Amino acid sequence: MPGSDPPGHSGRTIVVAFIVRRVIAAVLMLAVVSMATFAIFFLIPRALGQTPEGMASRYVGRDATPEAIQGAVRRLHLDDPLIVQYGRFAKGIVAGQDYSLGPKKAECPAPCFGFSFNNNQPVWPTLLDRLPATLSLALGAAVIWLVTGVSIGVVSALKRGSALDRAAMTVALAGVSLPIYFTGLVSLSVFAYTLGIFPGGGSYTPVTENPVMWFQSLVLPWITLAFLYAALYARLTRAGMLETMGEDYIRTARAKGLKERTVVTKHALRATLTPILTIFGLDLGLLLGGAVLTESTFSIQGVGKLVIDAIRGNDLPVVLGVTLFAAFFIVLANLIVDVLYAVVDPRVRLS
């Protein structure tokens, strides 16, 4: 009819509206996260009796003099009311701010996640410098654990009760139970220092310098990190497949004469992957915020190693910056998962 919307226009409008709502919700969530982070690092210590001098000592290192601590109180305005401090904190994230360094001022451009007085530089550039190593570790391990874990879970579900199923679930149980620092140290001891198959800890090479050495230095961390997550995903996929394979629509698809591969991949697996997608987004977001244990075990200079060094050096701005950084990736991962839901399942767009 004249004036009617073209086919598909209404569907695209619904998708766009859904995405806009989710983006607005993500921005509001980031604002809430900034408030919660400020409360953890500033409000709660003050409520428990922490003085401005005690707060300032966490900015200037463990061996700071009383004069340096008093200088930090003045530079950071830690004796101002908390609402004023939060306003300055939020403004710094959006518009940046300047920090006084004696006779000079240090500029911290937006997004200003703080200024490290230990290193005399803003936190944000330091995070960006460490991010490629964390991205390399997290994305490579994510591909391995997602493909391996889901594949093993599907095979175990289809071969329920077989020797293969029992062996796979035993290995999965071990992977879930063993902490990453244990499996990491064992793998380093056996495959790097005894057999010499892989490089040892601290051998990470940026991909821009040498792609071959970059790959070789990350194979062992990838496998070690993926072993933990693949085991969990295998168990979840198996449980989901066993539940889905008993549904009426699966029996109907088989009764129609569809091939077993089509029934498994197009019907059963698609329904099983919906909760897996949610967990994958959260896990990947957490790792992008810093794979702390893995980076420490293999001495990879990423975001996780940065925050461990900052805690040891009593460098609060870096710890605060990494906290906000990690929260950003988690919110971003949830946003991407929501959008993917809208693509996969039309019912989600109307919710």
# chains A, B, ... in the order shown; residues from 1 in each chain; ligands from 1
call {"tool": "residues_around", "arguments": {"residues": "Gly201 of chain A", "least_positions_apart": "5", "cutoff": "9 Å", "atoms": "only C-alpha atoms", "output": "VMD selection string"}}
result
chain A and resid 188 192 217 297 to 300
call {"tool": "write_last_selection", "arguments": {"atoms": "N, CA, C and O atoms", "output": "compact mmCIF listing (two decimals), in the first residue's frame"}}
result
# COMPACT_ATOMS: atom_id res chain seq x y z
N LEU A 188 55.08 -24.94 32.80
CA LEU A 188 56.38 -24.30 32.59
C LEU A 188 57.52 -25.25 32.93
O LEU A 188 58.51 -25.38 32.19
N ALA A 192 58.60 -26.24 29.26
CA ALA A 192 59.54 -25.17 28.94
C ALA A 192 60.94 -25.47 29.47
O ALA A 192 61.91 -25.45 28.71
N SER A 217 55.70 -17.61 22.10
CA SER A 217 55.72 -17.23 23.52
C SER A 217 54.36 -17.33 24.18
O SER A 217 54.27 -17.38 25.41
N THR A 297 52.06 -15.63 36.48
CA THR A 297 52.74 -16.92 36.38
C THR A 297 53.73 -16.95 35.23
O THR A 297 54.86 -17.45 35.37
N PHE A 298 53.35 -16.41 34.08
CA PHE A 298 54.21 -16.45 32.90
C PHE A 298 54.98 -15.15 32.68
O PHE A 298 55.62 -14.99 31.64
N SER A 299 54.91 -14.23 33.66
CA SER A 299 55.64 -12.96 33.59
C SER A 299 55.34 -12.20 32.30
O SER A 299 56.25 -11.71 31.62
N ILE A 300 54.06 -12.13 31.95
CA ILE A 300 53.62 -11.37 30.78
C ILE A 300 53.27 -9.96 31.26
O ILE A 300 52.46 -9.79 32.17
call {"tool": "select_by_dssp", "arguments": {"residues": "segment 49-269 of chain A", "states": "helix (DSSP H, G or I)", "output": "number ranges by chain"}}
result
A: 52-57, 66-76, 82-95, 123-158, 163-177, 180-194, 211-244, 248-255, 260-269
call {"tool": "residues_around", "arguments": {"residues": "segment 79-87 of chain A", "least_positions_apart": "3", "cutoff": "7 Å", "atoms": "only C-alpha atoms", "output": "ChimeraX atom specification"}}
result
/A:38,52,73,90-91
call {"tool": "write_last_selection", "arguments": {"atoms": "C-alpha atoms", "output": "PDB file, in the first residue's frame"}}
result
ATOM      1  CA  PHE A  38      34.966   5.901  44.169  1.00  0.00           C
ATOM      2  CA  PRO A  52      43.536  12.425  54.437  1.00  0.00           C
ATOM      3  CA  VAL A  73      47.045  15.847  50.333  1.00  0.00           C
ATOM      4  CA  ALA A  90      34.216  12.107  37.347  1.00  0.00           C
ATOM      5  CA  LYS A  91      35.220  15.281  35.528  1.00  0.00           C
TER       6      LYS A  91
END
call {"tool": "atom_distance", "arguments": {"atom1": "atom CA of Val23 of chain A", "atom2": "atom CA of Leu340 of chain A"}}
result
13.2 Å
call {"tool": "residues_around", "arguments": {"residues": "segment 124-126 of chain A", "least_positions_apart": "2", "cutoff": "12 Å", "atoms": "only C-alpha atoms", "output": "VMD selection string"}}
result
chain A and resid 92 to 93 96 107 to 116 119 to 122 128 to 132 301 to 303 305 to 307 310 317 to 325
call {"tool": "residues_around", "arguments": {"residues": "Val150 of chain A", "least_positions_apart": "3", "cutoff": "10 Å", "atoms": "only C-alpha atoms", "output": "count of residues only"}}
result
20
call {"tool": "closest_residue", "arguments": {"among": "A:Ala268, A:Ala239, A:Pro221, A:Pro45", "to": "Arg251 of chain A", "atoms": "only C-alpha atoms"}}
result
A:Ala268
call {"tool": "atom_distance", "arguments": {"atom1": "atom CA of Gly289 of chain A", "atom2": "atom CA of Met35 of chain A"}}
result
18.4 Å
call {"tool": "select_by_dssp", "arguments": {"residues": "segment 33-275 of chain A", "states": "strand (DSSP E)", "output": "PyMOL selection string"}}
result
chain A and resi 97-101+104-108+115-116+121-122
